[in-house]
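Data block for entry_6.txt (compact mmCIF, C-alpha atoms):
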```txt
# COMPACT_ATOMS: atom_id res chain seq x y z
CA MET A 1 -6.60 -18.10 -26.05
CA VAL A 2 -9.39 -15.65 -25.24
CA ASP A 3 -9.40 -13.10 -22.39
CA LEU A 4 -12.87 -11.79 -21.48
CA GLY A 5 -12.76 -8.51 -19.58
CA CYS A 6 -9.15 -7.94 -20.66
CA TRP A 7 -8.65 -4.37 -19.41
CA PRO A 8 -6.05 -3.20 -18.27
CA GLY A 9 -4.10 -5.84 -20.25
CA GLY A 10 -1.97 -7.74 -17.73
CA TRP A 11 -3.55 -11.12 -18.48
CA LEU A 12 -3.20 -10.43 -22.23
CA GLU A 13 0.54 -9.95 -21.81
CA GLU A 14 0.89 -13.15 -19.78
CA ALA A 15 -1.28 -15.06 -22.25
CA SER A 16 0.87 -13.75 -25.12
CA ARG A 17 3.97 -15.20 -23.47
CA ALA A 18 2.20 -18.48 -22.69
CA VAL A 19 1.05 -19.16 -26.27
CA GLY A 20 4.30 -18.03 -27.87
CA HIS A 21 4.83 -16.59 -31.33
CA SER A 22 2.80 -19.27 -33.08
CA GLY A 23 -0.25 -18.83 -30.78
CA ARG A 24 -3.02 -16.25 -30.86
CA VAL A 25 -4.64 -14.27 -28.03
CA VAL A 26 -7.83 -12.25 -28.37
CA GLY A 27 -9.14 -10.03 -25.58
CA ILE A 28 -12.37 -8.10 -25.28
CA ASP A 29 -13.49 -5.40 -22.86
CA LEU A 30 -15.75 -2.38 -22.71
CA VAL A 31 -12.63 -0.24 -22.22
CA PRO A 32 -9.79 -0.07 -24.77
CA ILE A 33 -6.29 -1.12 -23.68
CA GLU A 34 -4.23 2.07 -23.41
CA PRO A 35 -1.56 2.16 -24.53
CA PRO A 36 -2.38 -0.64 -27.00
CA LEU A 37 -0.30 -3.80 -26.71
CA VAL A 38 2.23 -4.20 -29.50
CA ASN A 39 2.50 -7.99 -29.23
CA ALA A 40 2.03 -9.42 -32.75
CA ASN A 41 0.04 -12.41 -31.44
CA VAL A 42 -2.51 -10.31 -29.47
CA GLU A 43 -5.63 -8.55 -30.65
CA SER A 44 -7.72 -6.46 -28.28
CA LEU A 45 -11.36 -5.80 -29.16
CA VAL A 46 -13.65 -3.18 -27.65
CA GLY A 47 -17.12 -4.52 -27.01
CA ASP A 48 -19.63 -5.94 -24.57
CA MET A 49 -19.10 -9.65 -23.98
CA THR A 50 -22.76 -10.01 -22.96
CA GLU A 51 -23.87 -9.14 -26.53
CA PRO A 52 -24.54 -12.13 -28.81
CA THR A 53 -22.64 -10.59 -31.76
CA VAL A 54 -19.37 -10.73 -29.85
CA ILE A 55 -18.94 -14.48 -30.55
CA SER A 56 -18.44 -13.93 -34.27
CA GLN A 57 -16.06 -11.01 -33.65
CA ILE A 58 -13.89 -13.11 -31.32
CA ARG A 59 -13.94 -16.20 -33.60
CA GLU A 60 -12.95 -14.07 -36.58
CA ALA A 61 -10.08 -12.40 -34.71
CA LEU A 62 -8.96 -15.74 -33.28
CA GLY A 63 -9.32 -17.68 -36.51
CA GLY A 64 -11.59 -20.31 -34.96
CA SER A 65 -11.99 -21.86 -31.52
CA CYS A 66 -9.68 -21.59 -28.53
CA ASP A 67 -8.00 -23.95 -26.08
CA VAL A 68 -8.22 -21.61 -23.07
CA LEU A 69 -10.79 -19.04 -22.04
CA LEU A 70 -9.89 -16.57 -19.28
CA SER A 71 -12.22 -14.15 -17.56
CA ASP A 72 -11.16 -11.73 -14.86
CA ALA A 73 -14.26 -9.63 -15.51
CA ALA A 74 -16.43 -8.51 -12.62
CA PRO A 75 -19.56 -6.39 -12.48
CA LYS A 76 -19.38 -2.88 -11.08
CA LEU A 77 -20.56 -3.34 -7.52
CA THR A 78 -23.24 -1.02 -6.16
CA GLY A 79 -23.31 -2.24 -2.56
CA VAL A 80 -26.88 -3.48 -3.03
CA ARG A 81 -26.46 -7.24 -2.64
CA GLU A 82 -29.45 -8.29 -4.79
CA ARG A 83 -28.44 -5.96 -7.63
CA ASP A 84 -24.79 -7.04 -7.43
CA ASP A 85 -25.73 -10.74 -7.40
CA ALA A 86 -27.98 -10.23 -10.45
CA ALA A 87 -25.15 -8.46 -12.29
CA GLU A 88 -22.79 -11.33 -11.40
CA GLU A 89 -25.33 -13.87 -12.67
CA ASN A 90 -25.66 -11.98 -15.98
CA LEU A 91 -21.88 -11.99 -16.37
CA LEU A 92 -21.63 -15.71 -15.53
CA LEU A 93 -24.33 -16.58 -18.06
CA ALA A 94 -22.44 -14.60 -20.72
CA VAL A 95 -19.16 -16.40 -19.93
CA GLU A 96 -20.95 -19.76 -19.93
CA GLY A 97 -22.41 -19.09 -23.36
CA LEU A 98 -19.10 -17.83 -24.72
CA SER A 99 -17.23 -20.84 -23.35
CA GLU A 100 -19.66 -23.20 -25.08
CA ALA A 101 -19.35 -21.24 -28.34
CA LEU A 102 -15.58 -20.65 -28.31
CA LEU A 103 -13.83 -23.54 -26.53
CA ARG A 104 -12.54 -26.58 -28.37
CA THR A 105 -13.23 -30.01 -26.89
CA GLY A 106 -10.66 -30.52 -24.12
CA GLY A 107 -10.30 -26.75 -23.55
CA ASP A 108 -10.00 -25.03 -20.17
CA LEU A 109 -11.79 -22.14 -18.47
CA LEU A 110 -10.46 -19.89 -15.70
CA ILE A 111 -12.94 -17.34 -14.37
CA LYS A 112 -13.17 -14.92 -11.47
CA LEU A 113 -16.28 -15.44 -9.34
CA LEU A 114 -17.90 -13.47 -6.56
CA GLU A 115 -19.32 -15.84 -3.97
CA CYS A 116 -23.10 -15.83 -4.30
CA PRO A 117 -25.85 -18.39 -4.96
CA GLU A 118 -25.60 -17.66 -8.69
CA ALA A 119 -21.92 -18.62 -8.68
CA GLN A 120 -22.74 -21.91 -6.96
CA SER A 121 -25.36 -22.71 -9.64
CA PHE A 122 -22.85 -21.79 -12.36
CA GLN A 123 -20.27 -24.11 -10.84
CA GLN A 124 -22.81 -26.97 -10.67
CA ARG A 125 -23.75 -26.52 -14.35
CA LEU A 126 -20.10 -26.59 -15.40
CA ARG A 127 -19.57 -29.93 -13.66
CA SER A 128 -21.70 -31.54 -16.37
CA CYS A 129 -19.53 -30.33 -19.24
CA TYR A 130 -15.93 -30.34 -17.92
CA SER A 131 -13.73 -33.19 -16.70
CA SER A 132 -12.88 -31.31 -13.51
CA VAL A 133 -14.10 -28.14 -11.82
CA LYS A 134 -12.54 -26.59 -8.73
CA THR A 135 -12.34 -23.24 -7.03
CA VAL A 136 -9.20 -21.58 -5.78
CA LYS A 137 -8.54 -18.41 -3.85
CA SER A 138 -5.48 -16.40 -4.81
CA ALA A 139 -2.98 -15.59 -2.08
CA ALA A 140 -3.28 -11.97 -3.24
CA THR A 141 -7.03 -11.86 -2.50
CA ARG A 142 -7.92 -9.59 0.43
CA LYS A 143 -9.10 -11.33 3.57
CA GLY A 144 -12.91 -11.32 3.69
CA SER A 145 -13.24 -10.79 -0.08
CA ARG A 146 -16.02 -12.65 -1.94
CA GLU A 147 -13.63 -13.10 -4.86
CA ARG A 148 -12.34 -16.52 -5.92
CA TYR A 149 -11.42 -18.26 -9.16
CA LEU A 150 -12.99 -21.28 -10.80
CA LEU A 151 -10.82 -23.57 -12.91
CA ALA A 152 -12.72 -25.89 -15.25
CA ARG A 153 -10.56 -28.31 -17.24
CA GLY A 154 -11.35 -30.62 -20.13
CA PHE A 155 -14.39 -29.15 -21.88
CA GLN A 156 -16.60 -32.03 -23.00
CA GLY A 157 -19.50 -30.19 -24.63
CA SER A 158 -22.38 -27.89 -23.89
CA ALA A 159 -24.55 -27.99 -20.80
CA VAL A 160 -28.17 -26.94 -20.79
CA VAL A 161 -28.49 -23.37 -19.43
CA GLU A 162 -31.43 -23.10 -17.03
```
With the file now loaded, output its structure as structure tokens.
Amino acid sequence: MVDLGCWPGGWLEEASRAVGHSGRVVGIDLVPIEPPLVNANVESLVGDMTEPTVISQIREALGGSCDVLLSDAAPKLTGVRERDDAAEENLLLAVEGLSEALLRTGGDLLIKLLECPEAQSFQQRLRSCYSSVKTVKSAATRKGSRERYLLARGFQGSAVVE
């Protein structure tokens, strides 16, 4: 399992429990997890998931491909809608590329989205390479928030990135 944007570490801990002692969880974020997790089946990397070199780092730490890719990452919002939407699009493109490079056939993706035209395009592209794609809003999400989650199940292969 891979957790993109893993700081502060809560999803890493849950993922560690979910995969059990025989599974492996690799997280990556710009910020180190402090204090570091001591779970034997978890490795936390410090790096920028939008950089192409991160794929090899994650695959090496993981020992290959993954069955589940999580991303709770979000861009730092500036309040300037066009700038924030562009930052969200950059993040979505990075996750899309990482999912195609890291997920095994049949794998699942769960990603946080901010509602914007870029997120709608992202969702449409994923429909061509997953068995099912749906969005959900967490009960914990503040009323009026643009935040939602996209669950894509059954990875079938790469889509063409526009």
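CA of Pro117 (chain A) to CA of Gly97 (chain A) spans 18.7 Å [interatomic distance, one decimal].
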> CA of Met49 (chain A) and CA of Gln124 (chain A) are how many Å apart?
Replying inline: 22.2 Å
>> I'd like the interatomic distance between CA of Leu92 (chain A) and CA of Arg17 (chain A), to a tenth of an Å.
In response: 26.8 Å
> For Gly63 (chain A), which residue out of A:Arg146, A:Lys137, A:Arg81, A:Arg24 is the nearest one, using only C-alpha atoms?
Replying inline: A:Arg24
>> List as a VMD selection string the protein and nucleic acid residues near Ser145 (chain A), meaning an atom at most 12 Å away when all atoms listed in the file are counted, but skip any in the same chain fewer than 6 places from it.
In response: chain A and resid 113 to 116 137 to 139
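Minimum atom-to-atom distance to Thr53 (chain A), evaluated using all atoms listed in the file, belongs to A:Ala101 out of A:Leu93, A:Met1, A:Ala101, A:Cys66.
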> Between A:Glu88, A:Thr105, A:Leu70, A:Cys129, which is the closest to Leu151 (chain A) once you count only C-alpha atoms?
Replying inline: A:Leu70
Hey, what's within 6 Å of Lys112 (chain A) if we count only C-alpha atoms and toss same-chain stuff fewer than 4 positions away? As a PDB file with C-alpha atoms, keeping the file's coordinate frame, please?
```pdb
ATOM      1  CA  ASP A  72     -11.160 -11.730 -14.860  1.00  0.00           C
ATOM      2  CA  ARG A 148     -12.340 -16.520  -5.920  1.00  0.00           C
ATOM      3  CA  TYR A 149     -11.420 -18.260  -9.160  1.00  0.00           C
TER       4      TYR A 149
END
```
>> Distance cut-off 12 Å, centre (-27.4, -9.8, -26.6) in file coordinates, counting all atoms listed in the file: which residues qualify? Return them as a list in words.
In response: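 Answer for this query, in the requested form: Gly47, Asp48, Met49, Thr50, Glu51, Pro52, Thr53, Val54, Ile55, Asn90, Leu91, Leu93, Ala94, Gly97 and Leu98 of chain A.
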Next, the residues of the selection above should be written as a JSON list (two decimals), in the frame of the given file with C-alpha atoms.
```json
[["chain", "number", "residue", "atom", "x", "y", "z"],
["A", 47, "GLY", "CA", -17.12, -4.52, -27.01],
["A", 48, "ASP", "CA", -19.63, -5.94, -24.57],
["A", 49, "MET", "CA", -19.10, -9.65, -23.98],
["A", 50, "THR", "CA", -22.76, -10.01, -22.96],
["A", 51, "GLU", "CA", -23.87, -9.14, -26.53],
["A", 52, "PRO", "CA", -24.54, -12.13, -28.81],
["A", 53, "THR", "CA", -22.64, -10.59, -31.76],
["A", 54, "VAL", "CA", -19.37, -10.73, -29.85],
["A", 55, "ILE", "CA", -18.94, -14.48, -30.55],
["A", 90, "ASN", "CA", -25.66, -11.98, -15.98],
["A", 91, "LEU", "CA", -21.88, -11.99, -16.37],
["A", 93, "LEU", "CA", -24.33, -16.58, -18.06],
["A", 94, "ALA", "CA", -22.44, -14.60, -20.72],
["A", 97, "GLY", "CA", -22.41, -19.09, -23.36],
["A", 98, "LEU", "CA", -19.10, -17.83, -24.72]]
```
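Counting all atoms listed in the file, the residue from A:Gly107, A:Val2, A:Thr135, A:Phe122 that sits nearest to Glu60 (chain A) is A:Val2.
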>> I'd like to know which of A:Leu77, A:Ala18, A:Leu102, A:Val31 is closest to Ser56 (chain A), using all atoms listed in the file.
In response: A:Leu102
Restricted to N, CA and C atoms, what does region 42-62 of chain A look like when written out as a compact mmCIF listing (two decimals), in the first residue's frame?
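Okay, this is what ended up in part_34.txt:
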```
# COMPACT_ATOMS: atom_id res chain seq x y z
N VAL A 42 6.08 -0.34 7.89
CA VAL A 42 5.88 1.01 7.33
C VAL A 42 7.21 1.68 7.08
N GLU A 43 7.32 2.30 5.92
CA GLU A 43 8.48 3.14 5.62
C GLU A 43 7.96 4.49 5.14
N SER A 44 8.48 5.55 5.73
CA SER A 44 8.08 6.91 5.38
C SER A 44 9.23 7.60 4.68
N LEU A 45 8.97 8.07 3.46
CA LEU A 45 9.98 8.77 2.67
C LEU A 45 9.70 10.27 2.68
N VAL A 46 10.74 11.06 2.60
CA VAL A 46 10.60 12.51 2.47
C VAL A 46 10.95 12.85 1.02
N GLY A 47 9.97 13.46 0.33
CA GLY A 47 10.19 13.83 -1.05
C GLY A 47 8.96 14.45 -1.66
N ASP A 48 9.10 14.90 -2.87
CA ASP A 48 8.03 15.57 -3.61
C ASP A 48 7.41 14.58 -4.58
N MET A 49 6.16 14.22 -4.36
CA MET A 49 5.52 13.21 -5.20
C MET A 49 5.28 13.68 -6.63
N THR A 50 5.48 14.97 -6.90
CA THR A 50 5.33 15.47 -8.26
C THR A 50 6.62 15.30 -9.07
N GLU A 51 7.71 14.88 -8.43
CA GLU A 51 8.99 14.66 -9.11
C GLU A 51 9.03 13.26 -9.71
N PRO A 52 9.47 13.13 -10.95
CA PRO A 52 9.49 11.82 -11.62
C PRO A 52 10.34 10.76 -10.91
N THR A 53 11.39 11.16 -10.22
CA THR A 53 12.29 10.20 -9.56
C THR A 53 11.64 9.49 -8.38
N VAL A 54 10.51 10.00 -7.92
CA VAL A 54 9.88 9.42 -6.73
C VAL A 54 9.33 8.01 -7.01
N ILE A 55 8.98 7.72 -8.24
CA ILE A 55 8.43 6.40 -8.58
C ILE A 55 9.43 5.30 -8.22
N SER A 56 10.68 5.47 -8.61
CA SER A 56 11.68 4.44 -8.32
C SER A 56 11.94 4.33 -6.81
N GLN A 57 11.91 5.45 -6.09
CA GLN A 57 12.11 5.41 -4.65
C GLN A 57 10.98 4.62 -3.97
N ILE A 58 9.75 4.87 -4.38
CA ILE A 58 8.61 4.18 -3.78
C ILE A 58 8.65 2.70 -4.14
N ARG A 59 8.88 2.37 -5.40
CA ARG A 59 8.92 0.96 -5.83
C ARG A 59 10.02 0.19 -5.10
N GLU A 60 11.15 0.84 -4.91
CA GLU A 60 12.25 0.18 -4.19
C GLU A 60 11.86 -0.08 -2.73
N ALA A 61 11.29 0.92 -2.07
CA ALA A 61 10.89 0.77 -0.67
C ALA A 61 9.76 -0.25 -0.52
N LEU A 62 8.89 -0.30 -1.51
CA LEU A 62 7.74 -1.20 -1.47
C LEU A 62 8.11 -2.62 -1.88
```
